[in-house]
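Novice: Here you go, this is my_file07.txt (compact mmCIF, C-alpha atoms).
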# COMPACT_ATOMS: atom_id res chain seq x y z
CA MET X 15 14.49 -36.31 30.30
CA LYS X 16 15.01 -32.63 31.20
CA ILE X 17 16.98 -32.06 27.98
CA ASN X 18 14.16 -33.49 25.85
CA THR X 19 11.57 -31.35 27.66
CA ARG X 20 13.65 -28.20 27.14
CA LEU X 21 14.27 -29.08 23.50
CA ALA X 22 10.56 -29.71 22.93
CA ALA X 23 9.67 -26.38 24.59
CA LEU X 24 12.24 -24.54 22.42
CA LEU X 25 10.96 -26.14 19.22
CA LEU X 26 7.35 -25.38 20.15
CA GLY X 27 8.29 -21.77 20.85
CA LEU X 28 9.93 -21.44 17.44
CA LEU X 29 6.84 -22.81 15.75
CA LEU X 30 4.67 -20.20 17.44
CA VAL X 31 6.76 -17.23 16.27
CA PRO X 32 4.95 -15.70 13.27
CA GLN X 33 6.94 -15.40 10.04
CA VAL X 34 10.47 -15.64 11.29
CA SER X 35 12.48 -13.65 8.74
CA ILE X 36 15.61 -15.81 8.84
CA GLY X 37 16.99 -15.90 5.31
CA ALA X 38 14.41 -13.46 3.93
CA THR X 39 15.76 -10.48 2.02
CA TRP X 40 14.69 -7.15 3.48
CA TYR X 41 13.55 -4.31 1.23
CA THR X 42 12.70 -0.65 1.54
CA ILE X 43 9.41 0.15 -0.17
CA GLU X 44 8.66 3.81 -0.89
CA LEU X 45 5.59 5.07 -2.67
CA VAL X 46 3.93 8.30 -3.69
CA LEU X 47 0.21 8.01 -4.40
CA PHE X 48 -1.54 10.91 -6.09
CA THR X 49 -5.03 11.73 -7.28
CA ARG X 50 -6.03 13.29 -10.56
CA ASN X 51 -8.19 16.37 -10.16
CA THR X 52 -10.96 15.03 -12.35
CA THR X 53 -14.33 13.40 -11.92
CA PRO X 54 -15.09 9.81 -12.89
CA ALA X 55 -17.46 11.08 -15.59
CA ALA X 56 -14.73 13.29 -17.12
CA SER X 57 -12.45 10.29 -17.62
CA GLY X 58 -14.86 8.78 -20.14
CA GLU X 59 -14.86 5.46 -18.31
CA VAL X 60 -17.62 3.84 -16.26
CA TRP X 61 -16.91 1.79 -13.13
CA SER X 62 -19.25 0.04 -10.83
CA GLN X 63 -19.12 1.28 -7.27
CA ALA X 64 -17.20 -0.80 -4.76
CA SER X 65 -18.25 -1.64 -1.26
CA GLY X 66 -16.65 0.73 1.21
CA ASP X 67 -16.76 -1.83 4.01
CA LEU X 68 -13.63 -3.89 3.48
CA ASP X 69 -11.77 -5.55 6.35
CA TRP X 70 -8.25 -4.14 6.47
CA ASP X 71 -7.55 -5.31 10.03
CA SER X 72 -5.44 -8.28 8.87
CA SER X 73 -3.22 -5.84 6.96
CA ARG X 74 -2.43 -3.64 9.94
CA SER X 75 0.11 -5.92 11.51
CA GLY X 76 3.27 -7.41 10.15
CA ASN X 77 7.02 -7.30 10.27
CA TYR X 78 7.50 -3.65 9.17
CA ALA X 79 9.65 -0.71 10.12
CA LEU X 80 8.60 2.78 8.99
CA VAL X 81 11.31 4.89 7.34
CA PRO X 82 11.76 8.43 8.73
CA GLY X 83 10.57 11.27 6.47
CA GLY X 84 14.07 12.68 6.06
CA SER X 85 15.24 9.45 4.39
CA LEU X 86 12.67 9.45 1.58
CA ARG X 87 14.17 9.18 -1.91
CA LEU X 88 11.08 10.21 -3.92
CA SER X 89 10.68 13.64 -2.31
CA GLY X 90 11.71 15.42 -5.53
CA ILE X 91 9.05 13.51 -7.44
CA GLU X 92 6.46 14.42 -4.82
CA GLN X 93 7.39 18.12 -5.16
CA ALA X 94 7.09 17.92 -8.95
CA LEU X 95 3.63 16.34 -8.60
CA LYS X 96 2.56 19.16 -6.25
CA GLN X 97 3.51 21.69 -8.93
CA ALA X 98 1.86 19.78 -11.77
CA ALA X 99 -1.59 20.95 -12.79
CA GLY X 100 -4.32 18.42 -12.13
CA LEU X 101 -2.36 16.16 -9.74
CA THR X 102 -2.45 16.06 -5.94
CA PRO X 103 -0.10 13.83 -3.89
CA VAL X 104 -2.07 12.30 -0.99
CA ILE X 105 0.27 9.63 0.40
CA HIS X 106 4.07 9.56 0.56
CA THR X 107 5.40 6.84 2.83
CA ALA X 108 8.16 4.27 3.10
CA TRP X 109 8.74 1.16 5.16
CA GLN X 110 11.13 -1.76 5.42
CA GLN X 111 10.04 -5.37 5.40
CA PRO X 112 11.24 -8.87 4.56
CA ALA X 113 9.93 -10.29 1.29
CA TYR X 114 8.33 -13.71 1.35
CA SER X 115 6.50 -15.81 -1.22
CA ARG X 116 3.12 -14.50 -2.36
CA ASN X 117 1.26 -16.91 -0.05
CA ALA X 118 3.34 -16.00 3.01
CA ALA X 119 3.60 -12.23 2.43
CA THR X 120 1.66 -9.90 4.74
CA PRO X 121 0.08 -6.74 3.29
CA PHE X 122 1.00 -3.26 4.49
CA TYR X 123 -2.01 -1.06 5.31
CA LEU X 124 -1.94 2.56 4.21
CA LYS X 125 -4.38 5.44 4.29
CA SER X 126 -4.36 9.10 3.37
CA ASP X 127 -4.40 11.80 6.02
CA ARG X 128 -6.92 13.60 3.83
CA GLU X 129 -10.49 12.58 4.71
CA ILE X 130 -13.68 12.72 2.64
CA ALA X 131 -15.73 12.68 5.86
CA PRO X 132 -14.68 12.54 9.53
CA GLY X 133 -13.01 9.16 10.11
CA THR X 134 -13.21 8.19 6.41
CA PRO X 135 -9.92 8.57 4.51
CA LEU X 136 -9.98 9.66 0.86
CA ILE X 137 -7.82 6.63 0.03
CA GLU X 138 -7.02 3.51 2.00
CA GLY X 139 -5.95 0.00 1.19
CA MET X 140 -3.07 -2.39 1.16
CA VAL X 141 0.18 -3.00 -0.62
CA LYS X 142 1.58 -6.51 -0.55
CA VAL X 143 5.18 -7.10 -1.64
CA SER X 144 6.29 -10.65 -2.34
CA VAL X 145 9.13 -12.35 -4.12
CA SER X 146 9.58 -15.38 -6.34
CA ARG X 147 11.86 -14.96 -9.33
CA TYR X 148 10.93 -11.27 -9.42
CA LEU X 149 9.43 -8.87 -6.92
CA HIS X 150 5.65 -8.67 -7.06
CA VAL X 151 3.36 -5.92 -5.81
CA ASP X 152 -0.35 -6.48 -5.22
CA LEU X 153 -2.49 -3.38 -4.66
CA ASP X 154 -6.01 -3.23 -3.26
CA LEU X 155 -7.05 0.39 -2.75
CA LEU X 156 -10.31 2.23 -2.19
CA MET X 157 -10.76 5.82 -3.33
CA ARG X 158 -13.78 7.76 -2.20
CA GLY X 159 -15.21 10.86 -3.79
CA ALA X 160 -18.35 12.97 -4.00
CA PRO X 161 -20.62 12.10 -6.92
CA ALA X 162 -20.13 14.40 -9.89
CA GLY X 163 -22.80 17.08 -10.12
CA ALA X 164 -24.53 15.94 -6.93
CA ALA X 165 -25.04 17.92 -3.76
CA ARG X 166 -22.60 16.82 -1.06
CA LEU X 167 -24.51 15.04 1.68
CA PRO X 168 -23.00 13.72 4.94
CA GLY X 169 -21.63 10.26 4.22
CA GLY X 170 -22.71 10.52 0.58
CA PHE X 171 -19.77 9.53 -1.57
CA GLN X 172 -18.86 7.08 -4.27
CA THR X 173 -16.23 4.43 -3.64
CA PHE X 174 -13.95 3.12 -6.38
CA ARG X 175 -11.73 0.08 -5.95
CA PHE X 176 -8.33 -0.16 -7.60
CA THR X 177 -6.69 -3.59 -7.69
CA GLU X 178 -3.50 -4.32 -9.55
CA GLN X 179 -0.79 -6.97 -9.61
CA ARG X 180 2.57 -5.96 -11.00
CA ARG X 181 5.95 -7.62 -11.44
CA MET X 182 8.85 -5.27 -10.63
CA ARG X 183 12.59 -4.98 -10.53
CA SER X 184 14.33 -3.61 -7.49
CA GLY X 185 16.04 -0.25 -7.70
CA GLU X 186 13.69 1.10 -10.41
CA VAL X 187 10.84 3.57 -10.02
CA HIS X 188 7.64 1.98 -11.33
CA TYR X 189 4.45 3.80 -12.29
CA ILE X 190 1.03 2.22 -11.72
CA ASP X 191 -1.81 4.02 -13.44
CA HIS X 192 -5.54 4.43 -12.82
CA PRO X 193 -7.82 7.08 -14.39
CA LEU X 194 -8.47 8.67 -10.97
CA MET X 195 -5.07 8.14 -9.32
CA GLY X 196 -1.52 7.02 -9.87
CA MET X 197 1.31 5.55 -7.84
CA LEU X 198 5.07 5.74 -8.11
CA ILE X 199 6.82 2.97 -6.20
CA LEU X 200 10.48 2.20 -5.55
CA ILE X 201 11.63 -1.06 -3.98
CA THR X 202 15.28 -1.41 -3.00
CA PRO X 203 17.08 -4.20 -1.13
CA LEU X 204 18.66 -3.27 2.19
CA GLY X 205 22.38 -3.43 2.52
Starting from the file, give its structure as structure tokens.

Specialist:
Amino acid sequence: MKINTRLAALLLGLLLVPQVSIGATWYTIELVLFTRNTTPAASGEVWSQASGDLDWDSSRSGNYALVPGGSLRLSGIEQALKQAAGLTPVIHTAWQQPAYSRNAATPFYLKSDREIAPGTPLIEGMVKVSVSRYLHVDLDLLMRGAPAGAARLPGGFQTFRFTEQRRMRSGEVHYIDHPLMGMLILITPLG
């Protein structure tokens, strides 16, 4: 009877462990997100404003390990973007995570250090990496900016939402475009 009780307790404990990564392939995800030094009106496109009150709390936990800054592979690209006219890198980060199916994958929360107002990052959102036959990246980002031609008031800014789903190959740098920002992303398997 003691053996069955111990076995039942062990099995119950395994069921309560969130997303055990046994058998999952681990990847390093590195990205450089930059803004274009332009106004929404100058792009010639019109977007409806997005709500700035999205719940990112579920994206702030997961099975991730941040990569130290000295190990970043896209640093040369970031430097080139800094020197390019009209482009400003705002996020350069990397992390390691296991890749699961799209339904089981947990998003990674990111935000820029640059703020549009105290406590309000210029850009924040999530990046979700999943795998089926190919790697998939789902983006859901908010970019905030002052309205073109308007006086800057406290808390007065426009919010633009950028959502994208992209299929990718590992080991290749991919570019994801938006009229107000862009992202370069590199996903490589560990080992």

Novice: Choose the residue, out of X:Ile201, X:Val187, X:Ala108, X:Leu194, that has the smallest atom-to-atom separation from Met157 in chain X; count all atoms listed in the file.

Specialist: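 Distance minimum relative to Met157 in chain X lands on X:Leu194.
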
Novice: So that I can see what lies close to Glu44 in chain X, please list as a list of chain:residue names the residues with an atom at most 9 Å from it, counting only C-alpha atoms and leaving out residues fewer than 3 positions away in the same chain.

Specialist: X:Val81, X:Leu86, X:Arg87, X:Leu88, X:His106, X:Thr107, X:Ala108, X:Trp109, X:Gln110, X:Leu198, X:Ile199, X:Leu200, X:Ile201, X:Thr202

Novice: So, with all atoms listed in the file as the atoms that count, which of X:Thr42, X:Ser146, X:Gln97, X:Thr52 lies closest to Gly185 in chain X?

Specialist: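 Looking at the shortest contact to Gly185 in chain X, the residue is X:Thr42.
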
Novice: Select, from X:Lys96, X:Pro193, X:Leu204, X:Arg175, the residue with the minimum atom-to-atom distance to Gln111 in chain X, counting all atoms listed in the file.

Specialist: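 Of the candidates, the smallest distance to Gln111 in chain X is held by X:Leu204.
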
Novice: Go ahead and compute the interatomic distance for CA of His192 in chain X and CA of Leu153 in chain X, in Å to one decimal.

Specialist: 11.7 Å

Novice: Name the closest residue to Arg158 in chain X among the candidates X:Glu178, X:Glu92, X:Glu129, X:Asp191; distances are taken between atoms, counting all atoms listed in the file.

Specialist: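 Checking each candidate against Arg158 in chain X, we get X:Glu129 as the closest.
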
Novice: Find, counting all atoms listed in the file, the residue in X:Ile190, X:Met195, X:Met182, X:Leu149 that gets nearest to Ser115 in chain X.

Specialist: X:Leu149

Novice: Which of these, X:Arg180, X:Gly159, X:Ala98, X:Tyr189, has the shortest distance to Ala131 in chain X once you count all atoms listed in the file?

Specialist: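 Among the listed residues, the smallest separation from Ala131 in chain X belongs to X:Gly159.
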
Novice: Just give me the residues with any atom within 7 Å of (3.7, 10.0, -7.6), file coordinates, counting only C-alpha atoms, written as a ChimeraX atom specification.

Specialist: /X:46-48,91-92,95,103,196-198

Novice: For range 121-125 of chain X, work out the shell of residues within 10 Å, counting all atoms listed in the file and skipping chain neighbours fewer than 6 positions away, then give it as a PyMOL selection string.

Specialist: chain X and resi 70-78+104-107+109+111+134-144+151-157
